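Enquirer: Here you go, start19.cif (mmCIF, C-alpha atoms):
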data_start
loop_
_atom_site.label_atom_id
_atom_site.label_comp_id
_atom_site.auth_asym_id
_atom_site.auth_seq_id
_atom_site.Cartn_x
_atom_site.Cartn_y
_atom_site.Cartn_z
CA MET A 1 54.34 89.18 45.93
CA SER A 2 56.65 86.37 46.99
CA PHE A 3 55.42 83.79 49.50
CA ASP A 4 58.88 82.16 49.65
CA ASN A 5 59.96 83.34 53.06
CA ASP A 6 56.54 83.12 54.75
CA PHE A 7 57.26 79.77 56.37
CA GLU A 8 60.58 81.11 57.63
CA LEU A 9 58.82 84.08 59.20
CA VAL A 10 56.25 81.83 60.88
CA LYS A 11 59.00 79.58 62.24
CA LYS A 12 60.85 82.60 63.60
CA PHE A 13 57.69 83.88 65.26
CA ILE A 14 56.97 80.49 66.84
CA ALA A 15 60.57 80.49 68.10
CA GLY A 16 59.84 83.77 69.87
CA ASP A 17 60.95 86.39 67.38
CA GLU A 18 58.24 89.05 67.60
CA SER A 19 59.72 91.02 64.73
CA ALA A 20 58.73 88.18 62.39
CA PHE A 21 55.08 88.91 63.18
CA ASN A 22 55.63 92.55 62.30
CA GLU A 23 57.15 91.47 59.00
CA ILE A 24 54.12 89.32 58.20
CA VAL A 25 51.79 92.19 59.07
CA LYS A 26 53.70 94.61 56.85
CA LYS A 27 53.54 92.14 54.00
CA TYR A 28 49.82 91.39 54.16
CA GLN A 29 48.15 94.34 55.90
CA LYS A 30 47.07 96.13 52.72
CA ARG A 31 45.57 93.03 51.16
CA ILE A 32 43.71 92.29 54.40
CA TYR A 33 42.47 95.87 54.52
CA TRP A 34 41.38 95.94 50.88
CA HIS A 35 39.40 92.73 51.16
CA ALA A 36 37.63 93.98 54.27
CA ARG A 37 37.10 97.39 52.74
CA GLN A 38 35.42 96.01 49.64
CA MET A 39 33.36 93.55 51.64
CA LEU A 40 32.18 96.09 54.21
CA GLY A 41 32.08 99.28 52.20
CA ASP A 42 33.71 101.77 54.57
CA HIS A 43 36.99 102.51 56.27
CA LEU A 44 35.84 102.21 59.88
CA ASP A 45 34.47 98.70 59.50
CA ALA A 46 37.46 97.69 57.40
CA ASP A 47 39.79 99.04 60.10
CA GLU A 48 37.99 97.06 62.79
CA VAL A 49 38.14 93.83 60.79
CA THR A 50 41.79 94.37 59.84
CA GLN A 51 42.70 94.76 63.52
CA GLU A 52 40.64 91.71 64.47
CA VAL A 53 42.36 89.63 61.79
CA LEU A 54 45.81 90.67 62.99
CA ILE A 55 44.88 89.81 66.57
CA VAL A 56 43.64 86.37 65.52
CA LEU A 57 46.77 85.95 63.44
CA TYR A 58 48.98 86.74 66.42
CA ASN A 59 47.10 84.36 68.69
CA LYS A 60 46.84 81.49 66.23
CA LEU A 61 50.05 81.69 64.28
CA LYS A 62 51.74 79.19 66.57
CA THR A 63 49.16 76.60 65.45
CA PHE A 64 49.86 77.12 61.74
CA ASN A 65 50.57 73.65 60.31
CA PHE A 66 52.41 74.61 57.10
CA LYS A 67 50.01 72.53 54.99
CA SER A 68 48.60 75.51 53.14
CA SER A 69 50.29 78.76 52.20
CA LEU A 70 50.28 81.48 54.83
CA PHE A 71 48.35 83.68 52.42
CA THR A 72 45.54 81.08 52.10
CA TRP A 73 45.42 80.77 55.87
CA ILE A 74 45.29 84.53 56.43
CA TYR A 75 42.72 84.98 53.70
CA ARG A 76 40.52 82.34 55.35
CA ILE A 77 40.53 84.41 58.52
CA VAL A 78 39.82 87.66 56.63
CA THR A 79 36.88 86.23 54.71
CA THR A 80 35.30 84.70 57.82
CA ARG A 81 35.81 87.88 59.84
CA SER A 82 34.37 90.08 57.11
CA LEU A 83 31.26 87.93 56.80
CA ASN A 84 30.88 87.89 60.59
CA HIS A 85 31.14 91.65 60.70
CA ILE A 86 28.44 92.04 58.06
CA LYS A 87 26.23 89.73 60.09
CA ARG A 88 26.88 91.68 63.28
CA ASN A 89 26.03 94.90 61.49
CA GLN A 90 22.79 93.33 60.29
CA LEU A 91 22.01 92.21 63.82
CA LYS A 92 22.71 95.69 65.16
CA LYS A 93 20.25 97.15 62.68
CA LEU A 94 17.58 94.89 64.19
CA VAL A 95 18.21 96.31 67.65
CA PRO A 96 16.89 99.92 67.62
CA TYR A 97 18.39 101.16 70.89
CA GLU A 98 21.90 100.28 69.77
CA ASN A 99 21.64 102.17 66.54
CA ALA A 100 20.40 105.52 67.79
CA SER A 101 23.78 106.89 68.79
CA ASP A 102 25.88 104.88 66.33
CA SER A 103 24.70 106.77 63.27
CA GLU A 104 25.59 110.09 64.87
CA LEU A 105 29.11 108.92 65.60
CA VAL A 106 29.93 107.78 62.09
CA ASP A 107 33.43 108.84 61.19
CA LYS A 108 33.75 109.95 57.58
CA ARG A 109 37.52 109.50 57.62
CA ASP A 110 39.01 107.66 54.69
CA ILE A 111 42.53 106.58 53.83
CA ILE A 112 42.24 106.57 50.04
CA GLU A 113 44.47 109.48 49.15
CA ASP A 114 43.36 110.74 45.77
CA ILE A 115 39.96 112.46 45.58
CA ALA A 116 39.19 111.04 42.14
CA ASN A 117 39.99 107.53 43.42
CA LYS A 118 37.85 108.15 46.49
CA GLU A 119 34.90 109.02 44.27
CA LYS A 120 35.60 106.04 42.06
CA MET A 121 35.69 103.79 45.10
CA GLU A 122 32.33 105.16 46.24
CA GLN A 123 30.81 104.31 42.87
CA LEU A 124 32.31 100.82 42.82
CA ASN A 125 31.27 100.30 46.39
CA LYS A 126 27.64 101.03 45.53
CA ILE A 127 27.84 98.20 43.02
CA LEU A 128 29.65 95.87 45.42
CA GLN A 129 27.06 96.37 48.14
CA LYS A 130 24.35 95.24 45.72
CA ILE A 131 25.96 91.81 45.59
CA PRO A 132 25.02 89.42 48.44
CA PRO A 133 28.00 88.97 50.83
CA LYS A 134 29.00 85.43 49.87
CA GLN A 135 28.89 86.24 46.16
CA ARG A 136 30.67 89.53 46.84
CA GLN A 137 33.45 87.61 48.53
CA ILE A 138 33.99 85.46 45.43
CA PHE A 139 33.73 88.49 43.15
CA ILE A 140 36.46 90.31 45.10
CA MET A 141 38.74 87.30 45.16
CA ARG A 142 38.32 86.80 41.41
CA ASN A 143 38.66 90.41 40.30
CA PHE A 144 40.73 92.15 42.93
CA GLU A 145 43.05 89.33 44.01
CA GLN A 146 42.69 87.58 40.66
CA LEU A 147 42.65 84.20 42.34
CA SER A 148 41.77 81.04 40.48
CA TYR A 149 38.70 79.06 41.46
CA GLU A 150 41.00 76.39 42.87
CA GLU A 151 42.71 78.92 45.11
CA ILE A 152 39.36 80.34 46.25
CA SER A 153 38.17 76.81 46.92
CA LYS A 154 41.14 76.25 49.25
CA ILE A 155 40.23 79.41 51.14
CA THR A 156 36.47 79.04 51.34
CA GLY A 157 36.18 75.25 51.36
CA LYS A 158 33.51 75.51 48.64
CA SER A 159 33.43 73.40 45.49
CA VAL A 160 34.76 74.93 42.27
CA GLY A 161 31.36 74.39 40.62
CA GLY A 162 29.61 76.26 43.42
CA LEU A 163 32.13 79.08 43.17
CA LYS A 164 31.56 79.43 39.44
CA ALA A 165 27.82 79.66 40.00
CA ASN A 166 28.34 82.25 42.74
CA TYR A 167 30.61 84.30 40.53
CA PHE A 168 28.11 84.14 37.67
CA HIS A 169 25.34 85.48 39.94
CA ALA A 170 27.64 88.22 41.22
CA LEU A 171 28.43 89.28 37.64
CA LYS A 172 24.71 89.24 36.87
CA LYS A 173 24.00 91.57 39.81
CA VAL A 174 26.75 93.95 38.66
CA LEU A 175 25.40 94.06 35.14
CA GLU A 176 21.79 94.46 36.25
CA TYR A 177 22.84 97.42 38.40
CA ILE A 178 24.76 99.02 35.52
CA ASN A 179 21.83 98.48 33.14
CA GLU A 180 19.42 100.05 35.66
CA LYS A 181 21.63 103.13 35.91
CA LYS A 182 21.78 103.60 32.11
CA MET B 1 19.04 90.92 30.76
CA LYS B 2 19.72 90.05 27.13
CA LYS B 3 20.43 86.47 26.14
CA SER B 4 23.81 87.55 24.72
CA GLU B 5 24.76 89.21 28.02
CA GLU B 6 23.89 86.07 29.93
CA LEU B 7 26.11 84.07 27.56
CA ILE B 8 28.98 86.49 28.14
CA LEU B 9 28.64 86.12 31.89
CA LYS B 10 28.51 82.34 31.59
CA TYR B 11 31.71 82.50 29.53
CA LEU B 12 33.44 84.81 32.01
CA ALA B 13 32.42 82.63 34.94
CA ASP B 14 33.76 79.58 33.10
CA LEU B 15 30.39 77.88 33.23
CA MET B 16 30.44 76.70 29.59
CA ASN B 17 31.41 73.28 28.43
CA ASP B 18 34.06 72.96 25.69
CA LYS B 19 31.52 72.89 22.86
CA GLU B 20 29.63 75.95 24.15
CA LYS B 21 32.90 77.77 24.67
CA GLU B 22 34.07 77.04 21.15
CA GLU B 23 30.76 78.22 19.66
CA PHE B 24 30.82 81.36 21.78
CA GLU B 25 34.39 82.22 20.79
CA LYS B 26 33.52 81.69 17.13
CA GLU B 27 30.56 84.05 17.44
CA LEU B 28 32.71 86.56 19.27
CA GLU B 29 34.98 86.71 16.24
CA THR B 30 32.15 87.21 13.77
CA SER B 31 29.53 89.27 15.62
CA LEU B 32 30.41 92.91 16.17
CA GLU B 33 27.46 93.39 18.51
CA LEU B 34 28.53 90.51 20.74
CA ARG B 35 32.12 91.75 20.73
CA ASN B 36 31.06 95.25 21.75
CA SER B 37 28.94 93.88 24.61
CA PHE B 38 31.78 91.61 25.67
CA GLU B 39 34.25 94.48 25.73
CA SER B 40 31.97 96.81 27.65
CA ILE B 41 31.25 94.14 30.31
CA ASN B 42 34.95 93.38 30.59
CA LYS B 43 35.67 97.08 31.02
CA ILE B 44 33.28 97.30 33.97
CA ILE B 45 34.79 94.23 35.62
CA ASN B 46 38.34 95.47 35.07
CA GLU B 47 37.55 98.63 37.00
CA PHE B 48 37.39 96.49 40.13
CA SER B 49 40.86 95.12 39.56
CA GLU B 50 42.18 98.67 39.30
CA ILE B 51 41.25 99.34 42.92
CA LYS B 52 44.59 97.83 43.97
CA ASN B 53 46.35 100.75 42.30
CA PHE B 54 44.64 103.29 44.57
CA ASN B 55 47.13 104.79 46.99
CA LEU B 56 46.35 104.40 50.67
CA ASP B 57 47.54 106.72 53.42
CA ASP B 58 50.65 105.08 54.87
CA ARG B 59 50.12 106.88 58.17
CA TYR B 60 47.17 104.55 58.82
CA PHE B 61 49.34 101.46 58.33
CA ALA B 62 52.09 102.95 60.48
CA THR B 63 49.66 103.09 63.42
CA LEU B 64 48.04 99.72 62.78
CA LEU B 65 50.62 97.49 64.47
CA PRO B 66 50.84 99.59 67.66
CA LYS B 67 47.03 99.53 67.90
CA VAL B 68 46.99 95.75 67.50
CA HIS B 69 49.72 95.27 70.11
CA ASP B 70 47.83 97.55 72.45
CA ARG B 71 44.68 95.45 72.08
CA LEU B 72 46.67 92.25 72.54
CA ASP B 73 48.18 93.61 75.75
CA LYS B 74 44.74 94.44 77.13
CA LYS B 75 43.51 90.96 76.30
CA THR B 76 46.35 89.25 78.14
CA LYS B 77 45.81 91.47 81.18
CA PHE B 78 42.10 90.65 81.56
CA PRO B 79 41.49 87.28 79.94
CA PHE B 80 39.11 85.98 82.62
CA ALA B 81 36.90 89.07 82.63
CA ARG B 82 36.70 88.96 78.87
CA LYS B 83 35.76 85.32 78.91
CA LEU B 84 33.02 85.90 81.46
CA SER B 85 31.59 88.73 79.41
CA TYR B 86 30.90 86.19 76.68
CA VAL B 87 29.94 83.25 78.84
CA ILE B 88 27.20 84.98 80.83
CA PRO B 89 25.12 86.31 77.92
CA ALA B 90 25.71 83.10 76.00
CA ALA B 91 24.42 81.03 78.91
CA ILE B 92 21.39 83.31 79.33
CA ALA B 93 20.69 83.13 75.61
CA ALA B 94 20.96 79.35 75.67
CA ILE B 95 18.52 79.06 78.57
CA LEU B 96 16.08 81.46 76.92
CA ILE B 97 16.23 79.70 73.61
CA ILE B 98 15.67 76.33 75.20
CA THR B 99 12.71 77.61 77.24
CA LEU B 100 11.15 79.89 74.62
CA LEU B 101 11.21 77.67 71.60
CA PRO B 102 8.49 75.06 71.13
CA SER B 103 9.26 71.33 70.92
CA SER B 104 12.64 71.95 72.50
CA GLN B 105 13.68 68.32 72.59
CA LYS B 106 13.35 67.97 68.85
CA PHE B 107 15.08 71.29 68.43
CA ASP B 108 17.94 70.22 70.67
CA GLU B 109 18.42 67.13 68.56
CA ARG B 110 18.61 69.20 65.44
CA LEU B 111 21.02 71.63 67.09
CA GLY B 112 23.21 68.70 68.11
CA LYS B 113 23.29 67.59 64.51
CA VAL B 114 24.12 71.08 63.36
CA THR B 115 27.00 71.27 65.85
CA GLN B 116 28.41 68.09 64.43
CA GLU B 117 28.05 69.43 60.90
CA LEU B 118 29.71 72.61 61.98
CA ILE B 119 32.60 70.74 63.53
CA ASN B 120 32.89 68.54 60.44
CA TYR B 121 32.83 71.57 58.20
CA TYR B 122 35.49 73.45 60.06
CA THR B 123 37.75 70.48 60.42
CA SER B 124 37.38 68.85 57.03
CA ASN B 125 39.73 71.15 55.16
CA ASP B 126 42.73 70.72 57.40
CA SER B 127 43.54 70.19 61.03
CA LEU B 128 44.09 73.84 61.88
CA PRO B 129 42.17 75.33 64.73
CA VAL B 130 39.74 77.32 62.67
CA ASP B 131 38.46 80.46 64.16
CA ILE B 132 34.70 80.61 64.66
CA ASP B 133 34.45 83.80 66.60
CA ASP B 134 36.27 85.82 69.27
CA GLN B 135 35.22 83.48 71.96
CA LEU B 136 34.99 80.00 70.49
CA PHE B 137 36.73 77.85 67.96
CA VAL B 138 37.00 74.25 66.90
CA TYR B 139 40.40 72.63 67.05
CA GLN B 140 41.92 69.22 66.82
CA LYS B 141 43.54 67.58 69.80
CA ASN B 142 44.76 63.96 69.91
CA ASN B 143 42.56 63.11 66.94
CA ASN B 144 39.47 64.50 68.68
CA PHE B 145 37.69 67.67 67.78
CA GLU B 146 37.24 70.06 70.65
CA ILE B 147 35.56 73.38 71.09
CA GLY B 148 37.58 75.86 73.05
CA PHE B 149 38.07 79.48 73.90
CA LEU B 150 40.60 81.71 72.24
CA GLU B 151 42.97 80.92 75.09
CA GLU B 152 42.74 77.28 74.00
CA GLU B 153 41.16 75.88 77.11
CA PRO B 154 38.96 73.02 76.03
CA LEU B 155 35.27 73.41 76.65
CA PRO B 156 33.70 70.27 78.17
CA LYS B 157 31.58 68.41 75.66
CA ASP B 158 28.46 68.79 77.87
CA TYR B 159 28.74 72.51 77.44
CA ILE B 160 28.69 72.41 73.67
CA ASN B 161 24.89 72.46 73.49
CA LYS B 162 24.75 75.28 76.03
CA TYR B 163 27.05 77.40 73.97
CA LEU B 164 25.32 76.69 70.73
CA PRO B 165 23.79 80.14 70.42
CA VAL B 166 27.27 81.57 70.16
CA ILE B 167 28.47 78.92 67.77
CA PHE B 168 25.21 79.11 65.96
CA GLU B 169 25.72 82.70 65.00
CA GLU B 170 28.41 81.34 62.71
CA ALA B 171 26.10 78.81 61.16
CA GLN B 172 24.76 81.50 58.87
CA ASN B 173 28.14 81.48 57.20
CA ILE B 174 27.84 77.94 56.05
CA GLU B 175 25.16 76.07 54.25
CA ILE B 176 23.33 73.91 56.71
CA VAL B 177 20.62 72.02 54.96
CA ASP B 178 19.02 70.33 57.94
CA LEU B 179 17.94 73.35 59.91
CA PRO B 180 14.55 74.79 58.91
CA GLU B 181 14.45 78.49 58.20
CA GLU B 182 11.92 79.17 60.97
CA ASP B 183 14.26 77.69 63.62
CA LEU B 184 17.08 79.82 62.30
CA GLN B 185 14.90 82.90 62.42
CA ALA B 186 13.69 82.10 65.94
CA LEU B 187 17.26 81.72 67.06
CA TYR B 188 18.23 84.97 65.44
CA ILE B 189 15.38 86.88 67.04
CA ASN B 190 16.58 85.66 70.43
CA LEU B 191 20.17 86.50 69.66
CA THR B 192 19.29 90.08 68.85
CA LYS B 193 18.25 90.56 72.49
CA PHE B 194 21.86 90.20 73.58
CA ASN B 195 24.79 92.40 72.96
CA TYR B 196 27.66 90.03 72.27
#
As structure tokens, please, write out the structure in this file.
Expert:
Amino acid sequence: MSFDNDFELVKKFIAGDESAFNEIVKKYQKRIYWHARQMLGDHLDADEVTQEVLIVLYNKLKTFNFKSSLFTWIYRIVTTRSLNHIKRNQLKKLVPYENASDSELVDKRDIIEDIANKEKMEQLNKILQKIPPKQRQIFIMRNFEQLSYEEISKITGKSVGGLKANYFHALKKVLEYINEKK
Amino acid sequence: MKKSEELILKYLADLMNDKEKEEFEKELETSLELRNSFESINKIINEFSEIKNFNLDDRYFATLLPKVHDRLDKKTKFPFARKLSYVIPAAIAAILIITLLPSSQKFDERLGKVTQELINYYTSNDSLPVDIDDQLFVYQKNNNFEIGFLEEEPLPKDYINKYLPVIFEEAQNIEIVDLPEEDLQALYINLTKFNY
């Protein structure tokens, strides 16, 4: 994926060209969705976070300072939003009256097209959800996005050493889960 | 977990120094058992990178932008009501926390320190206004760090402590060393009483 014309698109949007925002969305929407999906484990939550990220993007794009790549900037929003959403879900679980109706309204809709892939995703998701959120985040960025530690550091603001340790613990959790299942 | 597996993970996470790495790579060439373990672990990890090849229903993405624009339109129509819906519970939560928690003065001091750490954290990477949550964010203005609403109206500094419960929810995302776990828990228990 080329990041070459990102700055041009941002400049156009700041100048009032709404179509530039649509272009940015089209370019990054799937990556935003996939990160949220892997972090949160289901389509509905991923959909909510994806929409939230795009809203924040629209509102804040005019303050983009061109010091980092647009992708880094967007990814920073996605990671923060995903972690926030996990936290909100955890908080909701602590409040019994809120949960009673929620579980009945769960929508089983999914947008992964192939049934075999859907099943595969369910299996991988079980593993992902065993990893604590902050480690999961690093694991996804390393394996799905195949980002370097330096790139992840720019996004998360964490030291490379800390990221390596987090990734190691995430790998350990994955392997422990696989070994348990054997 | 076997010692060899732990070594493989250390290698994959790039946690080995040059000497350890060299020794590991040498052993990988000579030990069939280690090589088999290495390959099977790599296979598992690679499955996660294959997720990106899964096809997603394009109809979902075709409706995404209209949904976002719809939500943006609603927000611009009722910005004040939306703001109030956050301010009122936040203010109630702040009052409750201040009155319910013991040794509040000491606690306030610590919270003040945490706020500063939070501001430092969010502004150390670059000068972008970094989103904290729907309602609040830290941004830079004339070389000062301000806390404001999404609509970018600055929040008076005196209010920062009052709105800490809202900001504080975000503190779980970062590593704050100064705040004892019990204070964090107490704050969380209070926060669960409100539907933000």
Enquirer: Can you check which residues of chain A have any atom within 6 Å of chain B? Use all atoms listed in the file and format it as a PDB file with C-alpha atoms, keeping the file's coordinate frame.
Expert:
ATOM      1  CA  GLN A  51      42.700  94.760  63.520  1.00  0.00           C
ATOM      2  CA  ILE A 111      42.530 106.580  53.830  1.00  0.00           C
ATOM      3  CA  ILE A 112      42.240 106.570  50.040  1.00  0.00           C
ATOM      4  CA  GLU A 113      44.470 109.480  49.150  1.00  0.00           C
ATOM      5  CA  ASN A 143      38.660  90.410  40.300  1.00  0.00           C
ATOM      6  CA  PHE A 144      40.730  92.150  42.930  1.00  0.00           C
ATOM      7  CA  LYS A 164      31.560  79.430  39.440  1.00  0.00           C
ATOM      8  CA  PHE A 168      28.110  84.140  37.670  1.00  0.00           C
TER       9      PHE A 168
END
Enquirer: When you look at Leu124 (chain A) with a cut-off of 9 Å (counting all atoms listed in the file), what residues show up, excluding the ones that are within fewer than 4 positions of it in the same chain? I need them as a PyMOL selection string.
Expert: (chain A and resi 38+119-120+128-129) or (chain B and resi 47-48)
Enquirer: I want to know what sits within 10 Å of Ile140 (chain A), based on all atoms listed in the file, with residues of the same chain fewer than 5 positions away left out; could you give that as a PyMOL selection string?
Expert: (chain A and resi 34-36+38-39+128+135+145-147+167+170) or (chain B and resi 48-49)
Enquirer: I need the chosen residues saved as a tab-separated table (two decimals), in the coordinates of the input, with C-alpha atoms.
Expert:
chain	number	residue	atom	x	y	z
A	34	TRP	CA	41.38	95.94	50.88
A	35	HIS	CA	39.40	92.73	51.16
A	36	ALA	CA	37.63	93.98	54.27
A	38	GLN	CA	35.42	96.01	49.64
A	39	MET	CA	33.36	93.55	51.64
A	128	LEU	CA	29.65	95.87	45.42
A	135	GLN	CA	28.89	86.24	46.16
A	145	GLU	CA	43.05	89.33	44.01
A	146	GLN	CA	42.69	87.58	40.66
A	147	LEU	CA	42.65	84.20	42.34
A	167	TYR	CA	30.61	84.30	40.53
A	170	ALA	CA	27.64	88.22	41.22
B	48	PHE	CA	37.39	96.49	40.13
B	49	SER	CA	40.86	95.12	39.56
Enquirer: One decimal, Å: what's the distance from CA of Asp110 (chain A) over to CA of Arg142 (chain A), could you say?
Expert: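 Taking CA of Asp110 (chain A) and CA of Arg142 (chain A), their separation equals 24.7 Å.
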Enquirer: Up to 7 Å from (39.2, 96.6, 56.4) in the file's coordinates: name the residues, counting all atoms listed in the file, as an MDAnalysis selection string.
Expert: chainID A and resid 32:37 43 45:50
Enquirer: Work out how far CA of Asp70 (chain B) is from CA of Leu70 (chain A), in Å to one decimal.
Expert: 24.0 Å
Enquirer: Using CA of Thr80 (chain A) and CA of Ile55 (chain A) as the two end points, give the distance in Å to one decimal.
Expert: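 Taking CA of Thr80 (chain A) as the start and CA of Ile55 (chain A) as the end point, the length is 13.9 Å.
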Enquirer: Up to 12 Å from (41.3, 75.7, 40.0) in the file's coordinates: name the residues, counting all atoms listed in the file, as JSON, numbers by chain.
Expert: {"A": [142, 146, 147, 148, 149, 150, 151, 152, 153, 154, 155, 158, 159, 160, 161, 163, 164], "B": [14]}
Enquirer: Under the rule that all atoms listed in the file are counted, which of A:Arg88, A:Leu83, A:Lys181, A:Tyr58 is the nearest residue to Lys134 (chain A)?
Expert: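 Closest to Lys134 (chain A), using all atoms listed in the file: A:Leu83.
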Enquirer: Please provide as a PyMOL selection string all residues within 12 Å of Phe71 (chain A), with the sequence filter that same-chain residues fewer than 3 positions apart are discarded (counting only C-alpha atoms).
Expert: chain A and resi 1-7+10+24-25+27-29+31-32+57+64+66-68+74-79+145+147+151-152+154-155
Enquirer: From the options A:His169, A:Arg109, A:Lys12, A:Lys118, which residue's atoms come nearest to Ile138 (chain A), counting only C-alpha atoms?
Expert: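 Of A:His169, A:Arg109, A:Lys12, A:Lys118, the one nearest Ile138 (chain A), counting only C-alpha atoms, is A:His169.
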